[in-house]
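Source file: my_file12.cif (mmCIF, C-alpha atoms)
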```cif
data_structure
#
loop_
_atom_site.label_atom_id
_atom_site.label_comp_id
_atom_site.auth_asym_id
_atom_site.auth_seq_id
_atom_site.Cartn_x
_atom_site.Cartn_y
_atom_site.Cartn_z
CA MET A 1 -8.23 20.76 22.91
CA ARG A 2 -11.84 19.69 22.24
CA THR A 3 -11.90 17.53 25.37
CA ARG A 4 -10.64 20.42 27.48
CA ARG A 5 -13.36 22.68 26.08
CA MET A 6 -16.03 20.07 26.80
CA ILE A 7 -14.79 19.72 30.38
CA GLN A 8 -14.94 23.50 30.79
CA LEU A 9 -18.47 23.56 29.37
CA LEU A 10 -19.52 20.73 31.67
CA ALA A 11 -18.07 22.52 34.68
CA THR A 12 -19.78 25.77 33.72
CA ALA A 13 -23.11 24.07 33.12
CA SER A 14 -22.84 22.14 36.37
CA ALA A 15 -22.16 25.34 38.28
CA ALA A 16 -25.01 27.14 36.54
CA GLY A 17 -27.29 24.15 37.03
CA SER A 18 -26.43 23.98 40.71
CA LEU A 19 -27.24 27.65 41.05
CA LEU A 20 -30.58 27.19 39.29
CA VAL A 21 -31.39 24.19 41.44
CA ALA A 22 -30.55 26.10 44.60
CA CYS A 23 -32.59 29.11 43.54
CA SER A 24 -35.61 27.09 42.56
CA GLY A 25 -35.72 25.00 45.71
CA ALA A 26 -35.50 21.82 43.62
CA GLY A 27 -32.39 20.58 45.38
CA GLY A 28 -30.84 17.17 45.36
CA SER A 29 -32.52 14.19 46.90
CA SER A 30 -31.65 10.67 47.82
CA SER A 31 -33.27 7.90 45.88
CA SER A 32 -35.01 5.29 47.96
CA GLY A 33 -33.12 2.18 48.88
CA GLY A 34 -29.90 2.48 46.86
CA GLY A 35 -28.39 5.47 48.63
CA GLY A 36 -27.72 7.12 45.26
CA LYS A 37 -28.20 10.83 44.90
CA SER A 38 -29.69 12.93 42.14
CA ILE A 39 -29.98 16.58 41.25
CA ASN A 40 -32.44 18.38 39.02
CA VAL A 41 -31.00 20.78 36.46
CA LEU A 42 -33.00 23.24 34.37
CA MET A 43 -31.15 24.24 31.22
CA VAL A 44 -31.63 25.93 27.90
CA GLY A 45 -31.95 23.70 24.85
CA ASN A 46 -28.98 24.63 22.68
CA PRO A 47 -26.30 22.46 21.05
CA GLN A 48 -23.67 23.13 23.74
CA MET A 49 -26.00 22.22 26.59
CA GLU A 50 -27.20 19.13 24.72
CA ASP A 51 -23.56 18.01 24.44
CA ILE A 52 -23.13 18.48 28.18
CA GLN A 53 -26.29 16.49 28.81
CA LYS A 54 -24.92 13.62 26.70
CA LEU A 55 -21.53 13.69 28.46
CA THR A 56 -22.87 13.96 32.01
CA LYS A 57 -23.57 10.25 32.50
CA SER A 58 -20.14 9.14 31.26
CA THR A 59 -18.23 11.79 33.21
CA PHE A 60 -20.01 13.51 36.11
CA THR A 61 -22.30 10.64 37.13
CA LYS A 62 -19.55 8.06 36.68
CA ASP A 63 -17.14 10.05 38.87
CA THR A 64 -19.59 11.20 41.56
CA GLY A 65 -22.42 8.68 41.55
CA ILE A 66 -24.88 11.57 41.32
CA LYS A 67 -27.60 11.19 38.70
CA VAL A 68 -28.55 14.40 36.89
CA ASN A 69 -32.18 14.87 35.88
CA PHE A 70 -32.27 17.47 33.11
CA THR A 71 -35.24 19.62 32.20
CA VAL A 72 -34.54 21.28 28.86
CA LEU A 73 -36.54 24.34 27.84
CA PRO A 74 -36.31 26.93 25.06
CA GLU A 75 -34.48 30.08 26.19
CA ASN A 76 -37.58 32.24 26.65
CA GLU A 77 -39.40 29.59 28.67
CA LEU A 78 -36.33 28.97 30.80
CA ARG A 79 -35.93 32.68 31.51
CA ASP A 80 -39.60 32.91 32.55
CA LYS A 81 -39.30 29.82 34.78
CA VAL A 82 -36.17 31.09 36.52
CA THR A 83 -37.70 34.54 37.00
CA GLN A 84 -40.83 32.99 38.57
CA ASP A 85 -38.78 30.72 40.83
CA ILE A 86 -36.57 33.55 42.05
CA ALA A 87 -39.59 35.76 42.67
CA THR A 88 -41.14 33.17 44.96
#
```
Show me the file's structure as structure tokens.
Amino acid sequence: MRTRRMIQLLATASAAGSLLVACSGAGGSSSSGGGGKSINVLMVGNPQMEDIQKLTKSTFTKDTGIKVNFTVLPENELRDKVTQDIAT
């Protein structure tokens, strides 16, 4: 049951992160030389998101080969950042 919940949280965070990345124009990029890919994810610093951050390497990155670069901000700062990015 706990594993299923963590997978659901990871999927939700990945979807939300992808949306934030797309909105901010900070999309994925290829790293030089190795052909690996990475995405930048802006997320709020709360216990659930920190769990997802810890699990990403062993699940998402392992399965897809995509490295996730997290930027963790307090909720108010994240809201301001997203609002600014969407406005531009």
Practice item. Report as number ranges by chain the full result of the PyMOL selection byres ((chain A and resi 45-51) around 6) when it is applied to this structure. Key: A: 44, 52-54, 72-74
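We find CA of Leu78 in chain A and CA of Leu42 in chain A to be spaced 7.5 Å apart.
The spacing separating CA of Thr59 in chain A from CA of Ser38 in chain A amounts to 14.6 Å.
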Report as a PDB file with C-alpha atoms, in the coordinates of the input all protein, DNA and RNA residues lying within 6 Å of range 65-70 of chain A, evaluated on only C-alpha atoms, omitting residues in the same chain fewer than 2 positions from it.
```
ATOM      1  CA  LYS A  37     -28.200  10.830  44.900  1.00  0.00           C
ATOM      2  CA  SER A  38     -29.690  12.930  42.140  1.00  0.00           C
ATOM      3  CA  ILE A  39     -29.980  16.580  41.250  1.00  0.00           C
ATOM      4  CA  ASN A  40     -32.440  18.380  39.020  1.00  0.00           C
ATOM      5  CA  VAL A  41     -31.000  20.780  36.460  1.00  0.00           C
ATOM      6  CA  LEU A  42     -33.000  23.240  34.370  1.00  0.00           C
ATOM      7  CA  THR A  61     -22.300  10.640  37.130  1.00  0.00           C
ATOM      8  CA  LYS A  62     -19.550   8.060  36.680  1.00  0.00           C
TER       9      LYS A  62
END
```
Practice item. Quote the spacing between CA of Thr71 in chain A and CA of Ile86 in chain A in Å to one decimal place. Key: 17.1 Å
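For the set A:Gly36, A:Arg4, A:Ser58, A:Met43, the residue with the smallest atom-to-atom gap to Asn76 in chain A is A:Met43, counting only C-alpha atoms.
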